[in-house]
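Dropping input.cif in here (mmCIF, C-alpha atoms and all ligand atoms):
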```cif
data_data
#
loop_
_atom_site.label_atom_id
_atom_site.label_comp_id
_atom_site.auth_asym_id
_atom_site.auth_seq_id
_atom_site.Cartn_x
_atom_site.Cartn_y
_atom_site.Cartn_z
CA MET R 11 8.82 -22.31 28.75
CA ASN R 12 7.18 -24.45 26.12
CA LEU R 13 5.91 -21.69 23.83
CA LYS R 14 4.12 -22.54 20.59
CA SER R 15 4.61 -19.78 18.01
CA LYS R 16 1.52 -18.65 16.13
CA LEU R 17 3.76 -17.69 13.18
CA PRO R 18 6.57 -20.27 13.37
CA ASN R 19 7.96 -19.40 9.93
CA ALA R 20 7.85 -15.60 10.22
CA GLY R 21 11.09 -13.69 10.56
CA THR R 22 11.44 -9.91 10.75
CA THR R 23 9.76 -7.95 7.94
CA ILE R 24 12.11 -7.02 5.09
CA PHE R 25 11.31 -3.31 5.61
CA THR R 26 12.79 -3.40 9.10
CA VAL R 27 15.72 -5.56 8.02
CA MET R 28 16.75 -3.31 5.12
CA SER R 29 16.21 0.00 6.94
CA ALA R 30 18.30 -1.29 9.87
CA LEU R 31 21.04 -2.44 7.47
CA ALA R 32 20.99 0.97 5.78
CA ARG R 33 21.41 2.71 9.15
CA GLU R 34 24.16 0.34 10.25
CA HIS R 35 26.16 0.92 7.06
CA ASN R 36 25.29 4.56 6.62
CA ALA R 37 23.70 3.79 3.26
CA ILE R 38 21.18 5.86 1.28
CA ASN R 39 17.85 4.30 2.14
CA LEU R 40 15.59 3.71 -0.87
CA SER R 41 14.31 0.48 0.69
CA GLN R 42 11.36 1.07 3.05
CA GLY R 43 8.70 3.26 1.43
CA PHE R 44 8.66 6.66 3.11
CA PRO R 45 9.51 10.21 2.04
CA ASP R 46 12.80 11.82 3.13
CA PHE R 47 11.18 15.26 2.97
CA GLU R 48 8.72 16.99 5.30
CA CYS R 49 4.96 17.06 4.98
CA SER R 50 3.21 20.41 4.45
CA PRO R 51 3.94 23.04 7.17
CA GLU R 52 0.21 23.86 7.04
CA LEU R 53 -0.60 20.30 8.14
CA ILE R 54 1.92 20.49 11.00
CA LYS R 55 0.35 23.79 12.08
CA LEU R 56 -3.14 22.30 12.06
CA ALA R 57 -1.95 19.29 14.08
CA SER R 58 -0.18 21.42 16.67
CA ASN R 59 -3.21 23.72 16.97
CA TYR R 60 -5.47 20.76 17.73
CA LEU R 61 -2.95 19.49 20.29
CA LYS R 62 -2.91 22.91 21.95
CA LYS R 63 -6.70 23.27 21.82
CA GLY R 64 -7.01 20.20 24.04
CA TYR R 65 -8.18 17.46 21.67
CA ASN R 66 -6.07 15.00 23.62
CA GLN R 67 -8.61 12.44 24.82
CA TYR R 68 -10.25 9.53 23.00
CA ALA R 69 -11.72 10.17 19.58
CA PRO R 70 -15.09 8.57 18.77
CA MET R 71 -14.74 4.83 18.05
CA PRO R 72 -15.35 4.99 14.26
CA GLY R 73 -13.24 8.16 13.88
CA VAL R 74 -14.04 11.88 14.04
CA ILE R 75 -17.06 12.72 11.91
CA GLN R 76 -15.22 15.62 10.20
CA LEU R 77 -12.65 13.22 8.73
CA ARG R 78 -15.24 10.60 7.78
CA GLU R 79 -17.21 13.33 5.99
CA ARG R 80 -14.07 14.44 4.20
CA ILE R 81 -13.35 10.89 3.00
CA SER R 82 -16.92 10.55 1.82
CA GLU R 83 -16.53 13.80 -0.20
CA ILE R 84 -13.20 12.66 -1.66
CA MET R 85 -14.66 9.32 -2.73
CA HIS R 86 -17.58 11.12 -4.31
CA ASN R 87 -15.28 13.59 -6.00
CA CYS R 88 -12.78 11.00 -7.32
CA TYR R 89 -14.96 7.93 -7.92
CA ALA R 90 -18.56 9.22 -8.07
CA ALA R 91 -19.34 6.82 -5.22
CA THR R 92 -21.53 7.37 -2.19
CA TYR R 93 -20.20 6.10 1.14
CA HIS R 94 -22.14 7.30 4.16
CA PRO R 95 -19.81 8.84 6.79
CA ASP R 96 -21.89 7.51 9.70
CA THR R 97 -22.20 3.90 8.71
CA GLU R 98 -19.81 3.14 5.86
CA ILE R 99 -16.46 4.73 6.79
CA THR R 100 -14.17 3.98 9.76
CA ILE R 101 -10.82 5.58 10.62
CA THR R 102 -8.04 3.11 11.47
CA ALA R 103 -4.50 3.20 12.83
CA GLY R 104 -3.06 2.96 9.32
CA ALA R 105 -3.81 0.49 6.56
CA THR R 106 -1.97 -2.39 8.23
CA GLN R 107 -4.40 -2.40 11.15
CA ALA R 108 -7.34 -1.96 8.78
CA LEU R 109 -6.27 -4.99 6.74
CA TYR R 110 -5.75 -7.13 9.84
CA THR R 111 -9.15 -6.14 11.19
CA VAL R 112 -10.82 -7.03 7.88
CA PHE R 113 -9.24 -10.50 7.89
CA SER R 114 -10.21 -10.95 11.52
CA ALA R 115 -13.79 -9.78 10.98
CA PHE R 116 -14.60 -11.87 7.93
CA LEU R 117 -12.46 -15.02 7.86
CA GLN R 118 -13.33 -18.29 9.57
CA ALA R 119 -10.96 -21.23 10.04
CA GLY R 120 -10.60 -23.17 6.81
CA ASP R 121 -11.61 -20.28 4.51
CA GLU R 122 -9.44 -19.62 1.46
CA VAL R 123 -8.23 -16.19 0.38
CA ILE R 124 -6.82 -15.56 -3.09
CA VAL R 125 -3.83 -13.18 -3.08
CA PHE R 126 -1.64 -12.06 -5.96
CA GLU R 127 2.12 -12.40 -5.68
CA PRO R 128 4.42 -10.58 -5.30
CA CYS R 129 2.22 -9.56 -2.39
CA TYR R 130 2.54 -7.02 0.44
CA ASP R 131 4.11 -8.85 3.33
CA SER R 132 1.42 -8.38 5.99
CA TYR R 133 -1.41 -10.13 4.09
CA ILE R 134 -0.50 -13.80 4.35
CA PRO R 135 0.50 -13.86 8.05
CA ALA R 136 -2.68 -11.92 8.91
CA ILE R 137 -4.80 -14.41 6.93
CA GLU R 138 -3.09 -17.41 8.54
CA LEU R 139 -3.59 -16.01 12.04
CA GLN R 140 -7.34 -16.39 11.45
CA GLY R 141 -6.90 -20.10 10.69
CA ALA R 142 -7.61 -19.35 7.04
CA LYS R 143 -5.46 -20.30 4.06
CA ALA R 144 -3.88 -17.95 1.54
CA VAL R 145 -4.03 -19.18 -2.06
CA PRO R 146 -1.29 -17.29 -3.90
CA ILE R 147 -1.50 -16.66 -7.64
CA GLN R 148 1.63 -15.33 -9.29
CA MET R 149 1.30 -12.35 -11.57
CA GLU R 150 3.05 -12.89 -14.90
CA TYR R 151 6.47 -11.34 -15.28
CA PRO R 152 7.41 -9.26 -17.25
CA GLY R 153 4.54 -6.81 -16.86
CA PHE R 154 3.06 -8.31 -13.67
CA THR R 155 -0.29 -8.96 -15.28
CA ILE R 156 -2.96 -11.21 -13.81
CA ASN R 157 -3.96 -14.32 -15.72
CA TRP R 158 -7.66 -14.39 -14.87
CA ASN R 159 -7.99 -18.02 -16.00
CA LEU R 160 -5.74 -18.94 -13.08
CA VAL R 161 -8.08 -16.99 -10.79
CA ARG R 162 -11.17 -18.74 -12.17
CA ASN R 163 -9.48 -22.10 -11.59
CA ALA R 164 -8.44 -21.16 -8.05
CA VAL R 165 -11.95 -20.17 -6.94
CA SER R 166 -13.62 -22.95 -4.94
CA THR R 167 -16.47 -23.32 -2.48
CA LYS R 168 -13.91 -22.47 0.22
CA THR R 169 -12.97 -19.10 -1.32
CA LYS R 170 -14.10 -16.39 1.08
CA MET R 171 -12.12 -13.42 -0.18
CA ILE R 172 -9.95 -12.07 -3.00
CA VAL R 173 -7.37 -9.40 -2.14
CA ILE R 174 -6.28 -6.87 -4.74
CA ASN R 175 -3.82 -3.98 -4.45
CA SER R 176 -3.70 -1.27 -7.10
CA PRO R 177 -1.51 0.73 -7.58
CA HIS R 178 0.61 -2.21 -6.59
CA ASN R 179 3.38 -2.48 -4.05
CA PRO R 180 6.04 -3.71 -4.81
CA THR R 181 5.73 -3.68 -8.63
CA GLY R 182 4.36 -0.18 -9.39
CA THR R 183 1.76 -1.62 -11.80
CA CYS R 184 -1.96 -0.78 -11.87
CA LEU R 185 -5.06 -2.83 -12.58
CA THR R 186 -6.87 -1.85 -15.79
CA ALA R 187 -10.57 -1.48 -16.61
CA SER R 188 -10.33 -4.87 -18.29
CA ASP R 189 -8.96 -6.44 -15.08
CA MET R 190 -11.86 -4.93 -13.15
CA SER R 191 -14.31 -6.34 -15.64
CA GLU R 192 -12.78 -9.85 -15.28
CA LEU R 193 -13.01 -9.50 -11.51
CA THR R 194 -16.63 -8.37 -11.70
CA THR R 195 -17.55 -11.43 -13.76
CA ILE R 196 -15.81 -13.78 -11.33
CA LEU R 197 -17.45 -12.25 -8.25
CA LYS R 198 -20.93 -11.74 -9.63
CA GLY R 199 -23.54 -13.82 -7.82
CA THR R 200 -21.04 -15.22 -5.30
CA ASP R 201 -20.57 -14.58 -1.56
CA ILE R 202 -16.87 -13.88 -2.09
CA LEU R 203 -15.67 -10.62 -0.53
CA LEU R 204 -13.25 -8.33 -2.34
CA LEU R 205 -10.63 -6.61 -0.20
CA SER R 206 -9.06 -3.76 -2.12
CA ASP R 207 -5.87 -2.19 -0.75
CA GLU R 208 -5.77 1.26 -2.35
CA VAL R 209 -3.19 3.05 -0.21
CA TYR R 210 -1.55 4.47 -3.37
CA GLU R 211 -4.91 5.58 -4.87
CA HIS R 212 -3.75 9.15 -5.58
CA MET R 213 -0.49 8.07 -7.23
CA VAL R 214 -1.42 6.90 -10.74
CA PHE R 215 0.68 8.37 -13.53
CA ASP R 216 0.63 9.22 -17.24
CA ALA R 217 -2.91 10.66 -17.22
CA LYS R 218 -4.33 7.23 -16.39
CA LYS R 219 -7.24 6.82 -14.01
CA HIS R 220 -7.15 4.90 -10.74
CA GLU R 221 -9.43 1.89 -11.22
CA GLY R 222 -10.73 2.04 -7.68
CA VAL R 223 -13.33 -0.47 -6.59
CA ALA R 224 -15.56 2.47 -5.63
CA CYS R 225 -15.91 3.29 -9.36
CA TYR R 226 -17.73 -0.02 -9.91
CA SER R 227 -21.24 -0.08 -8.47
CA THR R 228 -21.51 -3.83 -9.09
CA LEU R 229 -18.39 -4.54 -7.01
CA ARG R 230 -19.03 -2.06 -4.20
CA ASN R 231 -21.68 -4.16 -2.47
CA GLN R 232 -19.29 -7.01 -1.74
CA SER R 233 -16.10 -4.98 -1.28
CA ILE R 234 -14.06 -3.48 1.49
CA ILE R 235 -11.71 -0.65 0.51
CA VAL R 236 -8.65 0.10 2.62
CA SER R 237 -6.57 3.25 2.28
CA SER R 238 -4.06 5.31 4.24
CA PHE R 239 -3.15 8.96 4.63
CA GLY R 240 0.51 8.06 5.16
CA LYS R 241 1.21 8.12 1.41
CA THR R 242 -1.22 10.86 0.44
CA VAL R 243 0.03 13.60 2.74
CA HIS R 244 3.61 12.36 3.38
CA THR R 245 3.00 11.29 6.99
CA THR R 246 3.76 7.55 7.13
CA GLY R 247 4.66 7.99 10.81
CA TRP R 248 1.16 9.14 11.76
CA LYS R 249 -0.36 5.74 10.97
CA ILE R 250 -3.84 6.91 10.10
CA GLY R 251 -5.89 5.13 7.47
CA TYR R 252 -9.49 4.19 6.80
CA VAL R 253 -11.90 1.57 5.57
CA ALA R 254 -14.94 2.12 3.35
CA ALA R 255 -17.54 -0.60 2.92
CA PRO R 256 -21.33 -1.03 2.73
CA SER R 257 -22.96 -0.75 6.15
CA PHE R 258 -23.71 -4.48 6.58
CA LEU R 259 -19.97 -5.19 6.24
CA MET R 260 -18.91 -2.14 8.24
CA ARG R 261 -21.03 -3.32 11.19
CA GLU R 262 -18.95 -6.50 11.38
CA PHE R 263 -15.70 -4.57 10.84
CA ARG R 264 -16.45 -2.24 13.77
CA LYS R 265 -17.23 -5.15 16.10
CA ILE R 266 -13.53 -6.12 15.83
CA HIS R 267 -12.15 -2.58 15.47
CA GLN R 268 -13.67 -1.49 18.81
CA PHE R 269 -11.82 -4.24 20.67
CA LEU R 270 -8.57 -4.08 18.73
CA VAL R 271 -7.86 -0.33 18.80
CA PHE R 272 -11.14 1.27 19.90
CA ALA R 273 -10.19 4.71 18.54
CA VAL R 274 -7.41 6.44 16.62
CA ASN R 275 -5.22 9.51 17.33
CA HIS R 276 -7.68 12.35 17.89
CA PRO R 277 -5.84 15.65 17.07
CA LEU R 278 -4.26 14.24 13.91
CA GLN R 279 -7.63 13.12 12.54
CA LEU R 280 -8.94 16.66 12.98
CA ALA R 281 -5.88 18.12 11.27
CA LEU R 282 -6.29 15.77 8.29
CA ALA R 283 -9.97 16.66 7.99
CA ASP R 284 -9.10 20.36 7.65
CA PHE R 285 -6.09 19.84 5.40
CA LEU R 286 -7.96 17.68 2.90
CA GLN R 287 -10.63 20.33 2.43
CA ASN R 288 -8.31 21.67 -0.23
CA GLU R 289 -8.55 19.11 -3.00
CA LEU R 290 -5.15 20.08 -4.39
CA ASN R 291 -3.70 18.42 -1.29
CA TYR R 292 -4.52 15.02 -2.78
CA LYS R 293 -5.16 15.72 -6.46
CA ASP R 294 -1.67 17.13 -7.07
CA LEU R 295 0.09 14.10 -5.64
CA LYS R 296 0.19 12.19 -8.91
CA HIS R 297 1.96 15.07 -10.67
CA PHE R 298 4.39 15.45 -7.78
CA TYR R 299 5.42 11.78 -7.86
CA GLU R 300 5.27 11.46 -11.65
CA LYS R 301 7.98 14.15 -11.78
CA LYS R 302 10.06 12.25 -9.25
CA ARG R 303 9.64 9.01 -11.19
CA ASN R 304 10.66 10.73 -14.43
CA TYR R 305 13.66 12.36 -12.76
CA PHE R 306 14.88 9.08 -11.25
CA LYS R 307 14.42 7.34 -14.62
CA SER R 308 16.31 10.07 -16.45
CA LEU R 309 19.22 9.75 -14.02
CA LEU R 310 19.38 6.00 -14.76
CA LYS R 311 19.04 6.12 -18.52
CA ASN R 312 22.66 5.11 -19.15
CA SER R 313 22.86 2.52 -16.39
CA GLN R 314 23.12 -1.25 -16.89
CA PHE R 315 19.98 -1.78 -14.82
CA LYS R 316 16.77 -2.37 -16.75
CA LEU R 317 13.90 -0.15 -15.61
CA GLU R 318 10.55 -1.91 -15.33
CA PRO R 319 7.41 0.09 -16.17
CA CYS R 320 6.10 2.08 -13.19
CA ASN R 321 2.53 3.39 -13.59
CA GLY R 322 1.78 4.18 -9.96
CA THR R 323 3.05 4.11 -6.32
CA TYR R 324 6.47 5.52 -5.43
CA PHE R 325 8.41 2.40 -6.29
CA GLN R 326 10.65 1.75 -9.28
CA LEU R 327 11.79 -1.80 -10.03
CA LEU R 328 15.24 -2.36 -11.51
CA ASN R 329 16.30 -5.64 -13.11
CA TYR R 330 20.00 -6.38 -12.60
CA SER R 331 20.24 -9.66 -14.56
CA SER R 332 22.69 -8.18 -17.08
CA ILE R 333 25.02 -7.25 -14.19
CA SER R 334 24.83 -10.28 -11.90
CA GLN R 335 23.04 -13.57 -11.36
CA MET R 336 23.41 -13.31 -7.58
CA PRO R 337 20.17 -14.04 -5.62
CA ASP R 338 18.27 -10.81 -5.09
CA VAL R 339 18.47 -10.85 -1.27
CA ASP R 340 22.27 -11.19 -1.47
CA PHE R 341 22.53 -8.56 -4.18
CA ALA R 342 20.43 -6.11 -2.13
CA LYS R 343 22.58 -6.72 0.94
CA GLU R 344 25.81 -6.26 -1.01
CA LEU R 345 24.48 -3.08 -2.59
CA THR R 346 23.76 -1.75 0.91
CA VAL R 347 26.95 -2.86 2.65
CA LYS R 348 29.52 -2.28 -0.12
CA TYR R 349 27.92 0.43 -2.24
CA LYS R 350 25.89 2.21 0.48
CA LEU R 351 22.52 2.04 -1.24
CA ALA R 352 19.58 0.13 0.27
CA SER R 353 16.69 -1.35 -1.75
CA ILE R 354 14.16 -4.16 -1.31
CA PRO R 355 14.63 -7.54 -3.03
CA LEU R 356 11.43 -8.79 -4.69
CA SER R 357 11.66 -12.52 -3.94
CA VAL R 358 10.58 -11.96 -0.32
CA PHE R 359 7.08 -11.11 -1.58
CA TYR R 360 6.58 -14.59 -3.09
CA SER R 361 5.78 -17.70 -1.03
CA SER R 362 7.96 -19.64 -3.50
CA LYS R 363 10.74 -16.99 -3.17
CA LYS R 364 10.72 -16.63 -6.98
CA ASP R 365 13.73 -14.59 -8.02
CA ASP R 366 13.65 -12.52 -11.24
CA PHE R 367 16.70 -10.45 -10.24
CA LEU R 368 14.59 -7.45 -9.31
CA LEU R 369 15.11 -4.77 -6.68
CA ARG R 370 12.56 -2.16 -5.56
CA PHE R 371 13.69 1.45 -5.07
CA CYS R 372 11.52 4.09 -3.37
CA PHE R 373 11.69 7.41 -5.22
CA ALA R 374 9.76 9.42 -2.57
CA LYS R 375 13.01 11.26 -1.96
CA LYS R 376 14.59 14.68 -2.42
CA GLU R 377 16.26 15.25 -5.78
CA GLU R 378 19.69 15.23 -4.16
CA THR R 379 19.01 11.79 -2.61
CA LEU R 380 17.91 10.41 -5.98
CA GLU R 381 21.03 11.89 -7.61
CA LYS R 382 23.32 10.23 -5.07
CA ALA R 383 21.51 6.91 -5.47
CA ALA R 384 21.67 7.08 -9.27
CA GLU R 385 25.36 7.91 -9.15
CA ILE R 386 25.94 4.63 -7.27
CA LEU R 387 23.74 2.63 -9.65
CA CYS R 388 25.46 4.09 -12.73
CA ARG R 389 28.83 2.79 -11.45
CA PHE R 390 27.77 -0.77 -12.34
N1 LIG R 401 -0.64 -1.77 1.96
C1 LIG R 401 0.35 -1.48 1.13
C2 LIG R 401 0.28 -1.99 -0.26
C3 LIG R 401 1.42 -0.70 1.56
O1 LIG R 401 2.42 -0.42 0.73
C4 LIG R 401 1.44 -0.24 2.90
C5 LIG R 401 2.59 0.52 3.47
N2 LIG R 401 3.10 1.44 2.76
C6 LIG R 401 0.38 -0.56 3.72
C7 LIG R 401 -0.64 -1.33 3.24
C8 LIG R 401 0.36 -0.11 5.14
O2 LIG R 401 0.04 1.22 5.29
P1 LIG R 401 0.10 1.93 6.71
O3 LIG R 401 1.46 2.46 6.87
O4 LIG R 401 -0.94 2.98 6.66
O5 LIG R 401 -0.21 0.88 7.74
N1 LIG R 402 4.72 0.06 2.94
C1 LIG R 402 6.06 0.49 3.06
C2 LIG R 402 6.90 -0.23 2.02
O1 LIG R 402 6.40 -1.00 1.27
C3 LIG R 402 6.65 0.23 4.41
C4 LIG R 402 5.77 -0.39 5.42
C5 LIG R 402 6.51 -1.01 6.53
O2 LIG R 402 7.62 -0.63 6.84
N2 LIG R 402 5.92 -1.96 7.12
O3 LIG R 402 8.06 -0.02 1.98
#
```
Please express the file's structure as structure tokens.
Amino acid sequence: MNLKSKLPNAGTTIFTVMSALAREHNAINLSQGFPDFECSPELIKLASNYLKKGYNQYAPMPGVIQLRERISEIMHNCYAATYHPDTEITITAGATQALYTVFSAFLQAGDEVIVFEPCYDSYIPAIELQGAKAVPIQMEYPGFTINWNLVRNAVSTKTKMIVINSPHNPTGTCLTASDMSELTTILKGTDILLLSDEVYEHMVFDAKKHEGVACYSTLRNQSIIVSSFGKTVHTTGWKIGYVAAPSFLMREFRKIHQFLVFAVNHPLQLALADFLQNELNYKDLKHFYEKKRNYFKSLLKNSQFKLEPCNGTYFQLLNYSSISQMPDVDFAKELTVKYKLASIPLSVFYSSKKDDFLLRFCFAKKEETLEKAAEILCRF
């Protein structure tokens, strides 16, 4: 059959590749980002109760109202922002679907979208599938800061959207108030949309504040916020996320959402709505992961790897340039196959495949897993 691929250059996502390699070689898996511990038993109980009570048919298209109300409360509580549960919040099948739906709803062929690299691997293919063009801007290493002059120069009449992600996967850095002010100046008075991927919103460390787009009333009116419960309540396998945006944008979002997924897992939405009534179930997360970050760092303090700053997410970057000059993809594979520890090489998140000899390690793991991983890393 003469089949024309819509993504001729796409291979298999690095998360699948590295997790499969870890399984094949029986390696400790700090590659793909997911916890190796259970979510709260209370959440499991709520979910199983809703299954037993018969909530096993379609949920309403935009999501159950109880969960949309809960999200609205959380956004008010954390960011002093008002998002109306009826018209400004929609529940999605995880953040990946939410992001795809946003690109599909708002991009036309020929539009340009500014993304910052290293960049989460679903963005660029999803942009290109709409016939739009990603315009990557590299963040400056070390530090992974954004040079806003580069952004100003990249904005053109074709720019339809800017995508930000803070706390940032894969670097573990966070945007600052000064970044948000630069962004506000660039967007003011334009028709450019801001897509803000905030799936790690409750994981910002060292008493710093999450600079969510919802905190900025001037940005809110042209922004779409995407988040996910996978990280917040340790249920990446549930694939439930949400989008918050002003109603005129949400109307367009839902036009696509209804035909792409229609509705999302019903009993689990109800369980999440109950579970998140207790604000400790999201407000404590930053302390929980800050401890894990600190523990992992302490285990590596005598290693030859250089630890990059991690201010948020559950990812720690390690620079191995004093150990080897091997390309990062090869080094990550060798670390998995020979040393039985899987990580994610950073170059795959750059269109240029820029290689700074960095590997990403997920520290959403039990202490004993982190100890075993650190023991391997300290052998170098
Ligand atoms: N955006 C970022 C930055 C992520 O790290 C992830 C996955 N962890 C997603 C989106 C996708 O989230 P989900 O699993 O809810 O689709
Ligand atoms: N977001 C997770 C990570 O960065 C994994 C997502 C995925 O496997 N697609 O590791």
* **Nearest candidate to ligand LIG 401 (chain R) (options R:Val173, R:Ile38, R:Val347, R:Leu13; using only C-alpha atoms and all ligand atoms)** => R:Val173
* To do: Grab the CA of Ser331 (chain R) to CA of Phe306 (chain R) distance for me, in Å with one decimal place.
  =>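 Atom-to-atom, CA of Ser331 (chain R) to CA of Phe306 (chain R), that is 19.8 Å.
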* **Counting all atoms listed in the file, the option among R:Glu211, R:Asp46, R:Glu150, R:Glu318 closest to Val223 (chain R)** =>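 Smallest distance to Val223 (chain R) is found for R:Glu211.
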* Asked: Hey, which of R:Glu138, R:Asp284, R:Glu79, R:Glu381 ends up closest to Ala20 (chain R)? Count all atoms listed in the file.
  ->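 Closest residue, counting all atoms listed in the file: R:Glu138.
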* Exercise answer, 10 Å around ligand LIG 402 (chain R) with all atoms listed in the file, as a PyMOL selection string -> chain R and resi 23-29+40-44+105-106+130-132+178-180+209-210+240-241+246-247+323-325+353-354+370-372
* Using all atoms listed in the file, pick whichever of R:Val74, R:Ala224, R:Ile235, R:Val253 has the shortest atom-to-atom distance to Thr92 (chain R). =>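 Using all atoms listed in the file, the shortest distance to Thr92 (chain R) belongs to R:Ala224.
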* Protein, DNA and RNA residues within 9 Å of (-19.2, 7.6, -7.8), all atoms listed in the file, as a ChimeraX atom specification -> /R:85-92,224-227
* Of the listed residues R:Ile234, R:Val214, R:Val358, R:Phe272, that which approaches Asp294 (chain R) most closely, counting only C-alpha atoms -> R:Val214
* All residues 8 Å or closer to Ala255 (chain R), all atoms listed in the file, same chain fewer than 5 positions away omitted, as a ChimeraX atom specification -> /R:93,98-99,230-231,233-235,260
* Tell me which of R:Asp365, R:Glu377, R:Glu221, R:Glu385 sits closest to Tyr151 (chain R), counting only C-alpha atoms. =>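 Under the stated criterion, the closest residue is R:Asp365.
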* Any idea what the distance is between CA of Glu127 (chain R) and CA of Gly222 (chain R)? ->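 These two atoms are separated by 19.4 Å.
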Given the point (-3.8, 14.3, 13.3) in the file's coordinates, find the residues that have an atom at most 12 Å from it, counting only C-alpha atoms, and give them as a PDB file with C-alpha atoms, in the coordinates of the input.
```
ATOM      1  CA  LEU R  53      -0.600  20.300   8.140  1.00  0.00           C
ATOM      2  CA  ILE R  54       1.920  20.490  11.000  1.00  0.00           C
ATOM      3  CA  LYS R  55       0.350  23.790  12.080  1.00  0.00           C
ATOM      4  CA  LEU R  56      -3.140  22.300  12.060  1.00  0.00           C
ATOM      5  CA  ALA R  57      -1.950  19.290  14.080  1.00  0.00           C
ATOM      6  CA  SER R  58      -0.180  21.420  16.670  1.00  0.00           C
ATOM      7  CA  ASN R  59      -3.210  23.720  16.970  1.00  0.00           C
ATOM      8  CA  TYR R  60      -5.470  20.760  17.730  1.00  0.00           C
ATOM      9  CA  LEU R  61      -2.950  19.490  20.290  1.00  0.00           C
ATOM     10  CA  TYR R  65      -8.180  17.460  21.670  1.00  0.00           C
ATOM     11  CA  ASN R  66      -6.070  15.000  23.620  1.00  0.00           C
ATOM     12  CA  ALA R  69     -11.720  10.170  19.580  1.00  0.00           C
ATOM     13  CA  GLY R  73     -13.240   8.160  13.880  1.00  0.00           C
ATOM     14  CA  VAL R  74     -14.040  11.880  14.040  1.00  0.00           C
ATOM     15  CA  GLN R  76     -15.220  15.620  10.200  1.00  0.00           C
ATOM     16  CA  LEU R  77     -12.650  13.220   8.730  1.00  0.00           C
ATOM     17  CA  ILE R 101     -10.820   5.580  10.620  1.00  0.00           C
ATOM     18  CA  ALA R 103      -4.500   3.200  12.830  1.00  0.00           C
ATOM     19  CA  PHE R 239      -3.150   8.960   4.630  1.00  0.00           C
ATOM     20  CA  GLY R 240       0.510   8.060   5.160  1.00  0.00           C
ATOM     21  CA  VAL R 243       0.030  13.600   2.740  1.00  0.00           C
ATOM     22  CA  THR R 245       3.000  11.290   6.990  1.00  0.00           C
ATOM     23  CA  THR R 246       3.760   7.550   7.130  1.00  0.00           C
ATOM     24  CA  GLY R 247       4.660   7.990  10.810  1.00  0.00           C
ATOM     25  CA  TRP R 248       1.160   9.140  11.760  1.00  0.00           C
ATOM     26  CA  LYS R 249      -0.360   5.740  10.970  1.00  0.00           C
ATOM     27  CA  ILE R 250      -3.840   6.910  10.100  1.00  0.00           C
ATOM     28  CA  GLY R 251      -5.890   5.130   7.470  1.00  0.00           C
ATOM     29  CA  VAL R 274      -7.410   6.440  16.620  1.00  0.00           C
ATOM     30  CA  ASN R 275      -5.220   9.510  17.330  1.00  0.00           C
ATOM     31  CA  HIS R 276      -7.680  12.350  17.890  1.00  0.00           C
ATOM     32  CA  PRO R 277      -5.840  15.650  17.070  1.00  0.00           C
ATOM     33  CA  LEU R 278      -4.260  14.240  13.910  1.00  0.00           C
ATOM     34  CA  GLN R 279      -7.630  13.120  12.540  1.00  0.00           C
ATOM     35  CA  LEU R 280      -8.940  16.660  12.980  1.00  0.00           C
ATOM     36  CA  ALA R 281      -5.880  18.120  11.270  1.00  0.00           C
ATOM     37  CA  LEU R 282      -6.290  15.770   8.290  1.00  0.00           C
ATOM     38  CA  ALA R 283      -9.970  16.660   7.990  1.00  0.00           C
ATOM     39  CA  ASP R 284      -9.100  20.360   7.650  1.00  0.00           C
ATOM     40  CA  PHE R 285      -6.090  19.840   5.400  1.00  0.00           C
ATOM     41  CA  LEU R 286      -7.960  17.680   2.900  1.00  0.00           C
TER      42      LEU R 286
END
```
* Asked: Which distance in Å separates CA of Lys219 (chain R) and CA of Ser188 (chain R), to one decimal?
  ->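 Distance between the two atoms: 12.8 Å.
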As JSON, please: the centre and edge lengths in Å, to one decimal, of an axis-aligned box enclosing every listed atom of region 318-325 of chain R with 6 Å added on each side.
```
{"center_x": 6.2, "center_y": 1.8, "center_z": -10.8, "size_x": 20.8, "size_y": 19.4, "size_z": 22.7}
```
* Find the residues around Ser332 (chain R) up to 8 Å (only C-alpha atoms counted), leave out those fewer than 3 positions away in its own chain, and share them as a list in words. =>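 Listing them by chain and then by number gives Gln314, Phe315, Asn329 and Gln335 of chain R.
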* To do: Tell me which protein, DNA and RNA residues are within 10 Å of Val271 (chain R), counting all atoms listed in the file, leaving out same-chain ones fewer than 2 positions away, and put them as a ChimeraX atom specification.
  => /R:71,102-103,107,111,266-269,273-274
